[in-house]
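Below is one structure, written out as structure tokens; the observations come after it.
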Amino acid sequence: MTSEFHTIGLIGKPHHQGTQQTLTRLLHWLHQKGYEVLVEERVASELGAKVEAVDLLEIGERCQLAIVVGGDGNMLGAARVLARFDIAVIGVNRGNLGFLTDLSPDAFEEPLAEVLAGRYEIEHRFLLETKVYRHGEVKACNTAVNEAVLHPGKIAHMIEFEVYIDDRFMYSQRADGMIVSTPTGSTAYSLSAGGSILTPNLAALILVPMFPHTLSCRPIVIDASSIIKLVVSPHNGEPLEVGCDGHVTLAVLPGDEIIIQRSSEQLKLIHPKGHNYFHVLRNKLGWGSKLF
């Protein structure tokens, strides 16, 4: 075995039969090739084999490569933890669209062998850091790979807030919320809300108002180094939330300030050689093929 990847972590969606089957195949295939394999503890017990079960932090500390089996949601959950480590991440798609998961569960062996032999492409995807301030003190914080979303909670209704970019007032809003998305997230919730697709190499963020109470308000793309501040009106009658990738929820009260900015952490995402982002878009979004 000659590879820069000596210890490989396996991560997957718990209690999912297809994921379990793929993880079992991966485990057997990697062991045959002589790799040390660590399995994320939530799925280790489902594989029916003697494995070393560890948490995500230990995978980040000990492994050079993590293979995530599942959909983009599983990749996002793993990425928020693994981005703080110098570890490469690749995905096997067991979800729906799978923008972040390249490998097919039915034929992962050949492209994965190429990756393990050092023939791959690297993308660095930046994350967002979100902090909720109350009376000048940080009350909650978390990171997101796709987006941070200010919204009313379980029942949609109009809220009032102000938006500042680098401490410069941009506008006030009456809307159902605001999506602040990375290029990675531009094909997720932001796209559904009418935002533009940003190619992954762009150092940019997109702000997408959710059902704004004005016809003139449109998505806007800003530099990724900008600091976004959302100031929630003290006249909002109910608590709000900020969702990070739809997984983590931060509580927000009327009058709070939300600071959203580019995180220092980056996800090291790797692809088999020949990866083409526009091919992925055509395939996942049903765009037309060449006419001539």
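We name chains A, B, ... following the order of the structure tokens; residues begin at 1 in each chain, and ligands are numbered from 1 as shown.
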
Got a sec to tell me which of range 9-203 of chain A DSSP assigns to alpha helix (DSSP H), as JSON, numbers by chain? {"A": [17, 18, 19, 20, 21, 22, 23, 24, 25, 26, 27, 28, 29, 30, 31, 32, 41, 42, 43, 44, 56, 57, 58, 59, 60, 61, 62, 72, 73, 74, 75, 76, 77, 78, 79, 80, 81, 82, 109, 110, 111, 112, 113, 114, 115, 116, 189, 190, 191, 192]}

Report the residues of range 121-172 of chain A whose backbone DSSP state falls under strand (DSSP E), written as an MDAnalysis selection string. chainID A and resid 121:134 137:144 147:151 159:165 168:172

Now that the selection is made, can you save its residues with N, CA and C atoms as a short mmCIF file (atom, residue, chain, number, x, y, z; two decimals), in the first residue's frame?
```cif
data_model
loop_
_atom_site.label_atom_id
_atom_site.label_comp_id
_atom_site.auth_asym_id
_atom_site.auth_seq_id
_atom_site.Cartn_x
_atom_site.Cartn_y
_atom_site.Cartn_z
N GLU A 121 -8.69 15.66 -7.34
CA GLU A 121 -8.72 17.13 -7.35
C GLU A 121 -9.22 17.62 -6.00
N ILE A 122 -8.72 18.77 -5.57
CA ILE A 122 -9.06 19.32 -4.26
C ILE A 122 -9.86 20.61 -4.43
N GLU A 123 -10.89 20.75 -3.63
CA GLU A 123 -11.63 22.01 -3.51
C GLU A 123 -11.67 22.38 -2.04
N HIS A 124 -11.45 23.64 -1.75
CA HIS A 124 -11.61 24.13 -0.39
C HIS A 124 -12.90 24.95 -0.32
N ARG A 125 -13.83 24.51 0.49
CA ARG A 125 -15.12 25.20 0.65
C ARG A 125 -15.12 25.91 2.00
N PHE A 126 -15.34 27.23 1.98
CA PHE A 126 -15.33 27.95 3.25
C PHE A 126 -16.67 27.84 3.97
N LEU A 127 -16.64 28.03 5.27
CA LEU A 127 -17.82 27.94 6.12
C LEU A 127 -18.22 29.32 6.60
N LEU A 128 -19.43 29.42 7.14
CA LEU A 128 -19.90 30.63 7.79
C LEU A 128 -19.86 30.46 9.30
N GLU A 129 -19.54 31.54 9.98
CA GLU A 129 -19.62 31.57 11.44
C GLU A 129 -20.75 32.52 11.83
N THR A 130 -21.66 32.05 12.65
CA THR A 130 -22.81 32.85 13.07
C THR A 130 -22.81 33.00 14.57
N LYS A 131 -22.97 34.25 15.04
CA LYS A 131 -23.03 34.53 16.47
C LYS A 131 -24.27 35.39 16.76
N VAL A 132 -24.96 35.06 17.83
CA VAL A 132 -26.11 35.83 18.28
C VAL A 132 -25.69 36.65 19.50
N TYR A 133 -25.85 37.97 19.39
CA TYR A 133 -25.48 38.88 20.48
C TYR A 133 -26.73 39.42 21.15
N ARG A 134 -26.70 39.47 22.49
CA ARG A 134 -27.79 40.05 23.28
C ARG A 134 -27.17 40.99 24.31
N GLU A 137 -23.40 40.73 24.46
CA GLU A 137 -22.78 39.46 24.83
C GLU A 137 -23.19 38.35 23.86
N VAL A 138 -22.23 37.46 23.56
CA VAL A 138 -22.53 36.33 22.68
C VAL A 138 -23.38 35.33 23.45
N LYS A 139 -24.56 35.04 22.92
CA LYS A 139 -25.47 34.08 23.56
C LYS A 139 -25.46 32.71 22.88
N ALA A 140 -25.09 32.67 21.60
CA ALA A 140 -25.05 31.40 20.87
C ALA A 140 -24.20 31.57 19.64
N CYS A 141 -23.57 30.49 19.20
CA CYS A 141 -22.78 30.54 17.97
C CYS A 141 -22.66 29.15 17.36
N ASN A 142 -22.46 29.11 16.05
CA ASN A 142 -22.23 27.85 15.37
C ASN A 142 -21.75 28.16 13.96
N THR A 143 -21.37 27.09 13.24
CA THR A 143 -20.90 27.25 11.87
C THR A 143 -21.87 26.58 10.90
N ALA A 144 -21.74 26.96 9.63
CA ALA A 144 -22.58 26.39 8.58
C ALA A 144 -21.76 26.25 7.32
N GLU A 147 -25.63 27.54 4.64
CA GLU A 147 -26.27 28.82 4.89
C GLU A 147 -26.65 29.01 6.35
N ALA A 148 -26.78 30.29 6.70
CA ALA A 148 -27.40 30.68 7.97
C ALA A 148 -28.70 31.40 7.61
N VAL A 149 -29.79 31.03 8.30
CA VAL A 149 -31.12 31.55 7.95
C VAL A 149 -31.79 32.13 9.19
N LEU A 150 -32.11 33.41 9.13
CA LEU A 150 -32.95 34.03 10.16
C LEU A 150 -34.40 33.81 9.77
N HIS A 151 -35.19 33.24 10.69
CA HIS A 151 -36.60 32.96 10.38
C HIS A 151 -37.43 32.95 11.66
N ILE A 159 -41.45 39.19 9.72
CA ILE A 159 -40.64 39.75 10.80
C ILE A 159 -39.96 41.02 10.29
N GLU A 160 -39.48 41.82 11.21
CA GLU A 160 -38.80 43.07 10.86
C GLU A 160 -37.35 43.01 11.35
N PHE A 161 -36.45 43.43 10.46
CA PHE A 161 -35.04 43.46 10.84
C PHE A 161 -34.30 44.43 9.92
N GLU A 162 -33.11 44.82 10.34
CA GLU A 162 -32.25 45.67 9.54
C GLU A 162 -31.01 44.89 9.14
N VAL A 163 -30.44 45.26 7.99
CA VAL A 163 -29.27 44.58 7.46
C VAL A 163 -28.13 45.59 7.31
N TYR A 164 -26.99 45.24 7.87
CA TYR A 164 -25.77 46.06 7.77
C TYR A 164 -24.68 45.22 7.14
N ILE A 165 -23.91 45.82 6.25
CA ILE A 165 -22.74 45.19 5.65
C ILE A 165 -21.51 45.99 6.05
N ARG A 168 -22.21 49.20 7.67
CA ARG A 168 -22.90 50.20 6.86
C ARG A 168 -24.34 49.73 6.65
N PHE A 169 -25.28 50.58 6.97
CA PHE A 169 -26.68 50.23 6.83
C PHE A 169 -27.01 49.97 5.36
N MET A 170 -27.60 48.80 5.06
CA MET A 170 -28.01 48.49 3.69
C MET A 170 -29.50 48.74 3.51
N TYR A 171 -30.33 48.07 4.33
CA TYR A 171 -31.77 48.32 4.26
C TYR A 171 -32.47 47.70 5.45
N SER A 172 -33.71 48.11 5.63
CA SER A 172 -34.58 47.44 6.59
C SER A 172 -35.49 46.49 5.81
#
```

Return the single residue from A:Leu269, A:Leu205, A:Ile222, A:Met158 that is closest to His235 in chain A, with distances computed using only C-alpha atoms.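 Of A:Leu269, A:Leu205, A:Ile222, A:Met158, the one nearest His235 in chain A, counting only C-alpha atoms, is A:Met158.
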
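For Asp72 in chain A, the non-local neighbours within 8 Å, defined as residues at least 3 positions apart in the same chain or in other chains and counting only C-alpha atoms, are Met75, Leu76, Asn93, Gly95, Leu97, Gly98, Phe99, Leu100 and Thr101 of chain A.
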
Of the listed residues A:Leu38, A:Tyr120, A:Pro219, A:Thr214, that which approaches Gly194 in chain A most closely, counting only C-alpha atoms: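 Using only C-alpha atoms, the shortest distance to Gly194 in chain A belongs to A:Pro219.
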
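Going from CA of Pro239 in chain A over to CA of Leu215 in chain A, you cover 26.6 Å.
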
12 Å contact set for range 285-290 of chain A, only C-alpha atoms, chain neighbours under 5 positions out, as a VMD selection string: chain A and resid 96 to 99 187 to 188 191 to 192 197 277 to 280

Give me, as an MDAnalysis selection string, all polymer residues having an atom no more than 12 Å from Arg25 in chain A, counting only C-alpha atoms and skipping those fewer than 3 positions away in the same chain. chainID A and resid 10 18:22 28:32 47:49 69 92 105:109

Using only C-alpha atoms, pick whichever of A:Ser104, A:Asn283, A:Asn146, A:Asn74 has the shortest atom-to-atom distance to Tyr189 in chain A.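 Closest residue, counting only C-alpha atoms: A:Asn146.
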
In Å to one decimal, how far is CA of Asp245 in chain A from CA of Ser216 in chain A? 27.2 Å
